[in-house]
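The structure file start_17.pdb is reproduced below (PDB, C-alpha atoms).
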ATOM      1  CA  MET S   1      44.901  20.123-144.535
ATOM      2  CA  LYS S   2      42.660  22.830-143.097
ATOM      3  CA  ILE S   3      40.355  24.853-145.257
ATOM      4  CA  PHE S   4      42.328  27.694-146.825
ATOM      5  CA  ASP S   5      45.740  26.264-146.040
ATOM      6  CA  LYS S   6      45.953  26.491-149.809
ATOM      7  CA  PHE S   7      43.503  28.082-152.189
ATOM      8  CA  ASN S   8      44.156  29.242-155.701
ATOM      9  CA  LYS S   9      41.478  30.324-158.107
ATOM     10  CA  ASP S  10      41.685  33.193-160.567
ATOM     11  CA  ASN S  11      45.187  33.990-159.272
ATOM     12  CA  ARG S  12      43.859  34.410-155.739
ATOM     13  CA  VAL S  13      45.945  32.854-153.001
ATOM     14  CA  ILE S  14      44.589  32.595-149.500
ATOM     15  CA  LYS S  15      46.340  31.279-146.417
ATOM     16  CA  THR S  16      44.812  30.344-143.105
ATOM     17  CA  ILE S  17      44.320  33.307-140.805
ATOM     18  CA  LYS S  18      45.324  32.270-137.308
ATOM     19  CA  SER S  19      43.308  33.605-134.389
ATOM     20  CA  GLU S  20      46.213  35.728-133.148
ATOM     21  CA  GLU S  21      46.160  37.551-136.489
ATOM     22  CA  TYR S  22      42.679  38.906-135.704
ATOM     23  CA  ASP S  23      44.485  41.312-133.406
ATOM     24  CA  LEU S  24      46.853  42.686-136.047
ATOM     25  CA  ALA S  25      46.557  46.234-134.725
ATOM     26  CA  ASP S  26      47.582  44.975-131.278
ATOM     27  CA  LYS S  27      50.481  43.000-132.746
ATOM     28  CA  LEU S  28      51.713  46.103-134.614
ATOM     29  CA  GLY S  29      51.201  48.353-131.586
ATOM     30  CA  ILE S  30      48.571  50.519-133.277
ATOM     31  CA  LYS S  31      45.335  49.337-131.632
ATOM     32  CA  GLY S  32      43.046  52.365-131.372
ATOM     33  CA  TYR S  33      45.397  54.403-133.591
ATOM     34  CA  LYS S  34      44.163  57.847-134.621
ATOM     35  CA  ASN S  35      45.393  59.630-137.718
ATOM     36  CA  LYS S  36      47.585  62.557-136.609
ATOM     37  CA  GLU S  37      47.525  64.076-140.099
ATOM     38  CA  ILE S  38      43.764  64.342-140.543
ATOM     39  CA  LYS S  39      44.026  67.954-141.803
ATOM     40  CA  GLN S  40      46.319  66.885-144.628
ATOM     41  CA  CYS S  41      44.031  63.974-145.478
ATOM     42  CA  LYS S  42      41.024  66.317-145.646
ATOM     43  CA  LYS S  43      43.018  68.651-147.904
ATOM     44  CA  ILE S  44      44.002  65.776-150.219
ATOM     45  CA  TRP S  45      40.406  64.539-150.270
ATOM     46  CA  LYS S  46      38.977  67.957-151.068
ATOM     47  CA  GLU S  47      41.568  68.956-153.663
ATOM     48  CA  LEU S  48      42.709  65.695-155.276
ATOM     49  CA  VAL S  49      39.978  63.050-154.993
ATOM     50  CA  PRO S  50      37.190  63.291-157.576
ATOM     51  CA  SER S  51      33.586  62.564-156.681
ATOM     52  CA  GLN S  52      33.707  59.589-159.071
ATOM     53  CA  GLY S  53      36.448  57.562-160.668
ATOM     54  CA  GLN S  54      40.189  57.485-160.248
ATOM     55  CA  ALA S  55      42.199  60.503-159.164
ATOM     56  CA  ASP S  56      44.576  62.349-161.478
ATOM     57  CA  SER S  57      47.333  62.336-158.836
ATOM     58  CA  VAL S  58      49.089  59.552-156.940
ATOM     59  CA  GLN S  59      48.430  61.390-153.663
ATOM     60  CA  GLY S  60      44.684  61.553-154.336
ATOM     61  CA  GLU S  61      44.482  58.015-155.681
ATOM     62  CA  LEU S  62      46.185  56.472-152.652
ATOM     63  CA  LEU S  63      43.763  58.167-150.281
ATOM     64  CA  ARG S  64      40.802  57.246-152.492
ATOM     65  CA  GLU S  65      41.895  53.603-152.519
ATOM     66  CA  ILE S  66      42.336  53.207-148.755
ATOM     67  CA  GLU S  67      38.952  54.847-148.185
ATOM     68  CA  LYS S  68      37.369  52.471-150.713
ATOM     69  CA  LEU S  69      38.861  49.568-148.756
ATOM     70  CA  ARG S  70      37.580  50.992-145.453
ATOM     71  CA  GLU S  71      34.115  51.575-146.872
ATOM     72  CA  GLU S  72      33.872  48.082-148.357
ATOM     73  CA  ALA S  73      34.868  46.456-145.060
ATOM     74  CA  GLN S  74      32.792  48.645-142.744
ATOM     75  CA  ARG S  75      29.650  49.062-144.832
ATOM     76  CA  ASN S  76      29.558  45.786-146.697
ATOM     77  CA  GLY S  77      31.709  43.299-144.793
ATOM     78  CA  ASN S  78      33.768  42.845-147.990
ATOM     79  CA  ILE S  79      30.922  40.993-149.729
ATOM     80  CA  ASN S  80      31.670  42.848-152.982
ATOM     81  CA  TRP S  81      35.399  42.033-152.941
ATOM     82  CA  ASP S  82      36.979  41.706-156.361
ATOM     83  CA  ASP S  83      40.197  42.301-158.290
ATOM     84  CA  ASN S  84      39.869  46.085-157.900
ATOM     85  CA  PHE S  85      40.232  45.781-154.125
ATOM     86  CA  ASP S  86      43.147  43.377-154.560
ATOM     87  CA  PHE S  87      44.796  45.989-156.771
ATOM     88  CA  PHE S  88      44.215  48.733-154.180
ATOM     89  CA  CYS S  89      45.979  46.700-151.488
ATOM     90  CA  ASP S  90      48.963  46.012-153.730
ATOM     91  CA  ASN S  91      49.100  49.533-155.157
ATOM     92  CA  ILE S  92      49.113  51.270-151.766
ATOM     93  CA  ASN S  93      51.778  48.912-150.444
ATOM     94  CA  ASN S  94      53.989  49.210-153.537
ATOM     95  CA  ILE S  95      53.845  52.995-153.886
ATOM     96  CA  LEU S  96      54.501  53.669-150.203
ATOM     97  CA  LYS S  97      57.321  51.101-150.200
ATOM     98  CA  GLN S  98      58.965  52.587-153.299
ATOM     99  CA  SER S  99      58.765  56.129-151.907
ATOM    100  CA  ASN S 100      61.816  55.564-149.654
ATOM    101  CA  ILE S 101      60.171  57.758-147.008
ATOM    102  CA  PHE S 102      59.371  55.267-144.278
ATOM    103  CA  ASP S 103      61.622  53.347-141.919
ATOM    104  CA  GLU S 104      61.749  49.555-141.723
ATOM    105  CA  ARG S 105      59.137  49.304-138.945
ATOM    106  CA  GLU S 106      56.690  51.557-140.789
ATOM    107  CA  LEU S 107      57.191  49.650-144.046
ATOM    108  CA  ASN S 108      56.595  46.374-142.238
ATOM    109  CA  ASN S 109      53.395  47.747-140.696
ATOM    110  CA  ILE S 110      52.173  48.982-144.088
ATOM    111  CA  LYS S 111      52.937  45.608-145.695
ATOM    112  CA  GLU S 112      51.262  43.638-142.874
ATOM    113  CA  ILE S 113      48.164  45.841-142.920
ATOM    114  CA  MET S 114      47.687  45.739-146.666
ATOM    115  CA  TYR S 115      48.242  41.972-146.750
ATOM    116  CA  TYR S 116      45.763  41.491-143.898
ATOM    117  CA  LEU S 117      43.097  43.585-145.617
ATOM    118  CA  LYS S 118      43.623  41.581-148.790
ATOM    119  CA  ILE S 119      43.383  38.243-146.957
ATOM    120  CA  ASN S 120      40.135  39.364-145.291
ATOM    121  CA  GLY S 121      38.703  40.382-148.642
ATOM    122  CA  GLU S 122      39.748  37.128-150.268
ATOM    123  CA  TYR S 123      38.055  35.210-147.473
ATOM    124  CA  ALA S 124      34.814  37.145-148.031
ATOM    125  CA  TYR S 125      35.121  36.538-151.778
ATOM    126  CA  ALA S 126      35.543  32.810-151.235
ATOM    127  CA  TYR S 127      32.520  32.666-148.929
ATOM    128  CA  TYR S 128      30.078  34.972-150.710
ATOM    129  CA  THR S 129      31.065  34.794-154.366
ATOM    130  CA  GLU S 130      32.477  31.331-154.822
ATOM    131  CA  GLY S 131      30.747  29.492-152.004
ATOM    132  CA  SER S 132      33.948  27.546-151.359
ATOM    133  CA  ILE S 133      33.525  27.892-147.593
ATOM    134  CA  ASN S 134      30.526  26.150-146.092
ATOM    135  CA  ASP S 135      28.504  27.698-143.293
ATOM    136  CA  ASN S 136      29.954  25.350-140.673
ATOM    137  CA  ASP S 137      33.514  26.462-141.453
ATOM    138  CA  TYR S 138      32.694  30.157-141.883
ATOM    139  CA  ASP S 139      34.367  32.556-139.416
ATOM    140  CA  PRO S 140      33.052  36.145-139.591
ATOM    141  CA  LEU S 141      36.215  37.487-137.936
ATOM    142  CA  LYS S 142      38.148  36.544-141.062
ATOM    143  CA  GLN S 143      35.832  38.424-143.395
ATOM    144  CA  ALA S 144      36.472  42.119-142.757
ATOM    145  CA  TYR S 145      38.445  44.344-140.425
ATOM    146  CA  VAL S 146      36.045  47.083-139.373
ATOM    147  CA  ASP S 147      37.912  49.129-136.745
ATOM    148  CA  ASP S 148      39.361  52.436-137.926
ATOM    149  CA  ASP S 149      42.871  52.079-136.481
ATOM    150  CA  ILE S 150      44.663  50.323-139.330
ATOM    151  CA  TYR S 151      42.907  52.439-141.966
ATOM    152  CA  ASP S 152      43.837  55.594-140.037
ATOM    153  CA  TYR S 153      47.448  54.407-139.840
ATOM    154  CA  ILE S 154      47.611  54.021-143.625
ATOM    155  CA  CYS S 155      45.855  57.372-144.175
ATOM    156  CA  GLU S 156      48.478  59.049-142.013
ATOM    157  CA  LYS S 157      51.268  57.445-144.067
ATOM    158  CA  ILE S 158      49.588  58.711-147.240
ATOM    159  CA  ALA S 159      49.479  62.219-145.727
ATOM    160  CA  ILE S 160      53.202  61.974-144.920
ATOM    161  CA  PHE S 161      53.837  60.764-148.470
ATOM    162  CA  SER S 162      51.949  63.832-149.676
ATOM    163  CA  PHE S 163      53.985  66.177-147.430
ATOM    164  CA  LYS S 164      57.231  64.706-148.787
ATOM    165  CA  ASN S 165      55.983  64.974-152.373
ATOM    166  CA  LYS S 166      54.756  68.559-152.416
ATOM    167  CA  ASN S 167      54.395  68.556-156.191
ATOM    168  CA  ILE S 168      51.467  66.622-157.556
ATOM    169  CA  ILE S 169      52.560  63.270-158.970
ATOM    170  CA  PRO S 170      50.430  62.414-162.029
ATOM    171  CA  TYR S 171      48.596  59.113-161.700
ATOM    172  CA  ASP S 172      48.353  56.770-164.675
ATOM    173  CA  LYS S 173      44.717  55.689-164.496
ATOM    174  CA  LYS S 174      44.106  51.980-164.917
ATOM    175  CA  GLU S 175      41.553  50.887-167.523
ATOM    176  CA  ASN S 176      40.321  47.863-165.569
ATOM    177  CA  ILE S 177      39.629  49.779-162.326
ATOM    178  CA  TYR S 178      35.957  50.665-162.098
ATOM    179  CA  ARG S 179      35.618  51.236-158.360
TER
END

Would you write the structure of this file as structure tokens?
Amino acid sequence: MKIFDKFNKDNRVIKTIKSEEYDLADKLGIKGYKNKEIKQCKKIWKELVPSQGQADSVQGELLREIEKLREEAQRNGNINWDDNFDFFCDNINNILKQSNIFDERELNNIKEIMYYLKINGEYAYAYYTEGSINDNDYDPLKQAYVDDDIYDYICEKIAIFSFKNKNIIPYDKKENIYR
């Protein structure tokens, strides 16, 4: 059994990331992807994302969460990964899936991206927080995805979600979310 073929601690499950999965954006056909709805994202950010804490709207909270995930990966290499980031991955995936806005290919891309970000974060958690990966087995490519393309893809889907839901959807803030 290879390291991380199975891993379960604190309800965290990690599977081995195969080398071909490092190129998820390539596999999904979105390598180098640029958000085509950047104006809408800026509008959501300005109007619906608070300077601190959770947003009052689903539209604002989704954008806040994906940007928290991007920031953690790009600035910190996911070394601060915790249950809040796990929640963000699941929340974004679940809300966009339940919206019934996106086609099967888009939903698959969203699911794959959010799962991949979560797996990267869990790997970083296992290495930095738990020390369950020794230095000889450590692979930095499994720790954090730092290119913008997959984050931009999700941001664009959030903008589309916002276009389709013109009325603000109230967000039920979660007590255990502190990021």

| Shortest interatomic distance to S:Lys157 - which of S:Gln143, S:Ser99, S:Asn76, S:Gln52, counting all atoms listed in the file |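 Checking each of S:Gln143, S:Ser99, S:Asn76, S:Gln52 against S:Lys157, counting all atoms listed in the file, the winner is S:Ser99.
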
| field | Interatomic distance, atom CA of S:Ala124 to atom CA of S:Gly29 (Å, one decimal) | value |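 Answer for the atom CA of S:Ala124 to atom CA of S:Gly29 separation: 25.8 Å.
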
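Interatomic distance, atom CA of S:Asp172 to atom CA of S:Asp56: 7.5 Å.
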
| S:Asp137, S:Asp149, S:Glu71, S:Glu65: which is nearest S:Asn84, counting only C-alpha atoms? |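 Comparing S:Asp137, S:Asp149, S:Glu71, S:Glu65 against S:Asn84, the winner is S:Glu65.
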
| the PyMOL selection byres ((chain S and resi 109-120) around 8) on the file shown: which residues, as a PyMOL selection string? | chain S and resi 14-15+17+24+28+69+78+85-86+89-90+92-93+105-108+121-124+142-145+150+154

| field | Between atom CA of S:Lys34 and atom CA of S:Ile169, distance in Å (one decimal) | value |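 So the two atoms, atom CA of S:Lys34 and atom CA of S:Ile169, lie 26.3 Å apart.
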
| Given the file above and the PyMOL selection byres ((chain S and resi 37) around 12), which residues are selected, and can you give them as a list in words? | Tyr33, Lys34, Asn35, Lys36, Ile38, Lys39, Gln40, Cys41, Lys42, Lys43, Ile44, Asp152, Tyr153, Ile154, Cys155, Glu156, Lys157, Ile158, Ala159, Ile160, Phe161, Ser162 and Phe163 of chain S

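For the residues S:Tyr171, S:Ile79, S:Asn176, S:Lys166, ranking by smallest atom-to-atom distance to S:Glu61 using only C-alpha atoms places S:Tyr171 first.
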
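Among the candidate residues S:Asn165, S:Gln74, S:Asn134, S:Asn100, the one lying nearest to S:Gly60 is S:Asn165, with distances computed using all atoms listed in the file.
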
| query | Smallest atom-to-atom distance to S:Arg64: which of S:Tyr151, S:Asp83, S:Asn136, S:Lys164, using all atoms listed in the file? | reply | S:Tyr151

Put the listed atoms of stretch 51-54 of chain S in a box along x, y and z with 5 Å added on every side and give me the centre and edge lengths in Å to one decimal, as AutoDock Vina command-line options.
--center_x 36.9 --center_y 60.0 --center_z -158.7 --size_x 16.6 --size_y 15.1 --size_z 14.0

| query | Which residues match the PyMOL selection byres ((chain S and resi 179) around 8) in the file above, as number ranges by chain? | reply | S: 53-54, 68, 84, 177-178

| query | Between S:Pro50, S:Pro170, S:Gly32, S:Gly77, which is the closest to S:Tyr127 once you count only C-alpha atoms? | reply | S:Gly77

Rebuild stretch 150-174 of chain S so that it carries N, CA, C and O atoms, then output the result as an mmCIF file, keeping the file's coordinate frame.
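Result saved to result_9.cif:
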data_model
loop_
_atom_site.group_PDB
_atom_site.id
_atom_site.type_symbol
_atom_site.label_atom_id
_atom_site.label_comp_id
_atom_site.auth_asym_id
_atom_site.auth_seq_id
_atom_site.Cartn_x
_atom_site.Cartn_y
_atom_site.Cartn_z
ATOM 1 N N ILE S 150 43.688 50.629 -138.277
ATOM 2 C CA ILE S 150 44.663 50.323 -139.330
ATOM 3 C C ILE S 150 44.429 51.175 -140.587
ATOM 4 O O ILE S 150 45.381 51.516 -141.281
ATOM 5 N N TYR S 151 43.189 51.542 -140.838
ATOM 6 C CA TYR S 151 42.907 52.439 -141.966
ATOM 7 C C TYR S 151 43.471 53.836 -141.670
ATOM 8 O O TYR S 151 44.061 54.472 -142.551
ATOM 9 N N ASP S 152 43.285 54.295 -140.433
ATOM 10 C CA ASP S 152 43.837 55.594 -140.037
ATOM 11 C C ASP S 152 45.363 55.607 -140.126
ATOM 12 O O ASP S 152 45.961 56.608 -140.512
ATOM 13 N N TYR S 153 45.985 54.509 -139.758
ATOM 14 C CA TYR S 153 47.448 54.407 -139.840
ATOM 15 C C TYR S 153 47.906 54.590 -141.288
ATOM 16 O O TYR S 153 48.835 55.354 -141.568
ATOM 17 N N ILE S 154 47.244 53.907 -142.206
ATOM 18 C CA ILE S 154 47.611 54.021 -143.625
ATOM 19 C C ILE S 154 47.305 55.425 -144.146
ATOM 20 O O ILE S 154 48.118 56.003 -144.884
ATOM 21 N N CYS S 155 46.179 55.997 -143.753
ATOM 22 C CA CYS S 155 45.855 57.372 -144.175
ATOM 23 C C CYS S 155 46.943 58.338 -143.724
ATOM 24 O O CYS S 155 47.344 59.226 -144.489
ATOM 25 N N GLU S 156 47.415 58.180 -142.514
ATOM 26 C CA GLU S 156 48.478 59.049 -142.013
ATOM 27 C C GLU S 156 49.746 58.891 -142.856
ATOM 28 O O GLU S 156 50.412 59.879 -143.172
ATOM 29 N N LYS S 157 50.076 57.670 -143.236
ATOM 30 C CA LYS S 157 51.268 57.445 -144.067
ATOM 31 C C LYS S 157 51.086 58.082 -145.445
ATOM 32 O O LYS S 157 52.032 58.614 -146.021
ATOM 33 N N ILE S 158 49.875 58.059 -145.956
ATOM 34 C CA ILE S 158 49.588 58.711 -147.240
ATOM 35 C C ILE S 158 49.745 60.223 -147.096
ATOM 36 O O ILE S 158 50.292 60.891 -147.983
ATOM 37 N N ALA S 159 49.298 60.786 -145.977
ATOM 38 C CA ALA S 159 49.479 62.219 -145.727
ATOM 39 C C ALA S 159 50.959 62.573 -145.663
ATOM 40 O O ALA S 159 51.394 63.587 -146.233
ATOM 41 N N ILE S 160 51.757 61.751 -145.003
ATOM 42 C CA ILE S 160 53.202 61.974 -144.920
ATOM 43 C C ILE S 160 53.820 61.880 -146.313
ATOM 44 O O ILE S 160 54.659 62.704 -146.694
ATOM 45 N N PHE S 161 53.393 60.897 -147.081
ATOM 46 C CA PHE S 161 53.837 60.764 -148.470
ATOM 47 C C PHE S 161 53.533 62.053 -149.233
ATOM 48 O O PHE S 161 54.360 62.552 -149.998
ATOM 49 N N SER S 162 52.358 62.596 -149.014
ATOM 50 C CA SER S 162 51.949 63.832 -149.676
ATOM 51 C C SER S 162 52.805 65.021 -149.237
ATOM 52 O O SER S 162 53.198 65.850 -150.062
ATOM 53 N N PHE S 163 53.104 65.114 -147.929
ATOM 54 C CA PHE S 163 53.985 66.177 -147.430
ATOM 55 C C PHE S 163 55.362 66.112 -148.092
ATOM 56 O O PHE S 163 55.940 67.133 -148.455
ATOM 57 N N LYS S 164 55.888 64.892 -148.224
ATOM 58 C CA LYS S 164 57.231 64.706 -148.787
ATOM 59 C C LYS S 164 57.257 64.922 -150.296
ATOM 60 O O LYS S 164 58.304 65.186 -150.868
ATOM 61 N N ASN S 165 56.119 64.764 -150.928
ATOM 62 C CA ASN S 165 55.983 64.974 -152.373
ATOM 63 C C ASN S 165 55.057 66.157 -152.591
ATOM 64 O O ASN S 165 53.899 65.990 -152.964
ATOM 65 N N LYS S 166 55.581 67.340 -152.354
ATOM 66 C CA LYS S 166 54.756 68.559 -152.416
ATOM 67 C C LYS S 166 54.174 68.799 -153.806
ATOM 68 O O LYS S 166 53.079 69.308 -153.941
ATOM 69 N N ASN S 167 54.921 68.429 -154.834
ATOM 70 C CA ASN S 167 54.395 68.556 -156.191
ATOM 71 C C ASN S 167 53.473 67.380 -156.485
ATOM 72 O O ASN S 167 53.748 66.251 -156.087
ATOM 73 N N ILE S 168 52.420 67.662 -157.187
ATOM 74 C CA ILE S 168 51.467 66.622 -157.556
ATOM 75 C C ILE S 168 52.170 65.614 -158.463
ATOM 76 O O ILE S 168 52.827 65.989 -159.434
ATOM 77 N N ILE S 169 52.021 64.342 -158.143
ATOM 78 C CA ILE S 169 52.560 63.270 -158.970
ATOM 79 C C ILE S 169 51.414 62.758 -159.835
ATOM 80 O O ILE S 169 50.414 62.262 -159.302
ATOM 81 N N PRO S 170 51.518 62.895 -161.163
ATOM 82 C CA PRO S 170 50.430 62.414 -162.029
ATOM 83 C C PRO S 170 50.206 60.911 -161.850
ATOM 84 O O PRO S 170 51.158 60.143 -161.709
ATOM 85 N N TYR S 171 48.952 60.522 -161.842
ATOM 86 C CA TYR S 171 48.596 59.113 -161.700
ATOM 87 C C TYR S 171 48.151 58.572 -163.041
ATOM 88 O O TYR S 171 47.284 59.154 -163.702
ATOM 89 N N ASP S 172 48.715 57.452 -163.444
ATOM 90 C CA ASP S 172 48.353 56.770 -164.675
ATOM 91 C C ASP S 172 47.135 55.906 -164.384
ATOM 92 O O ASP S 172 47.243 54.832 -163.791
ATOM 93 N N LYS S 173 45.967 56.405 -164.785
ATOM 94 C CA LYS S 173 44.717 55.689 -164.496
ATOM 95 C C LYS S 173 44.712 54.313 -165.161
ATOM 96 O O LYS S 173 45.207 54.152 -166.267
ATOM 97 N N LYS S 174 44.154 53.363 -164.453
ATOM 98 C CA LYS S 174 44.106 51.980 -164.917
ATOM 99 C C LYS S 174 42.760 51.701 -165.563
ATOM 100 O O LYS S 174 41.702 51.966 -164.972
#
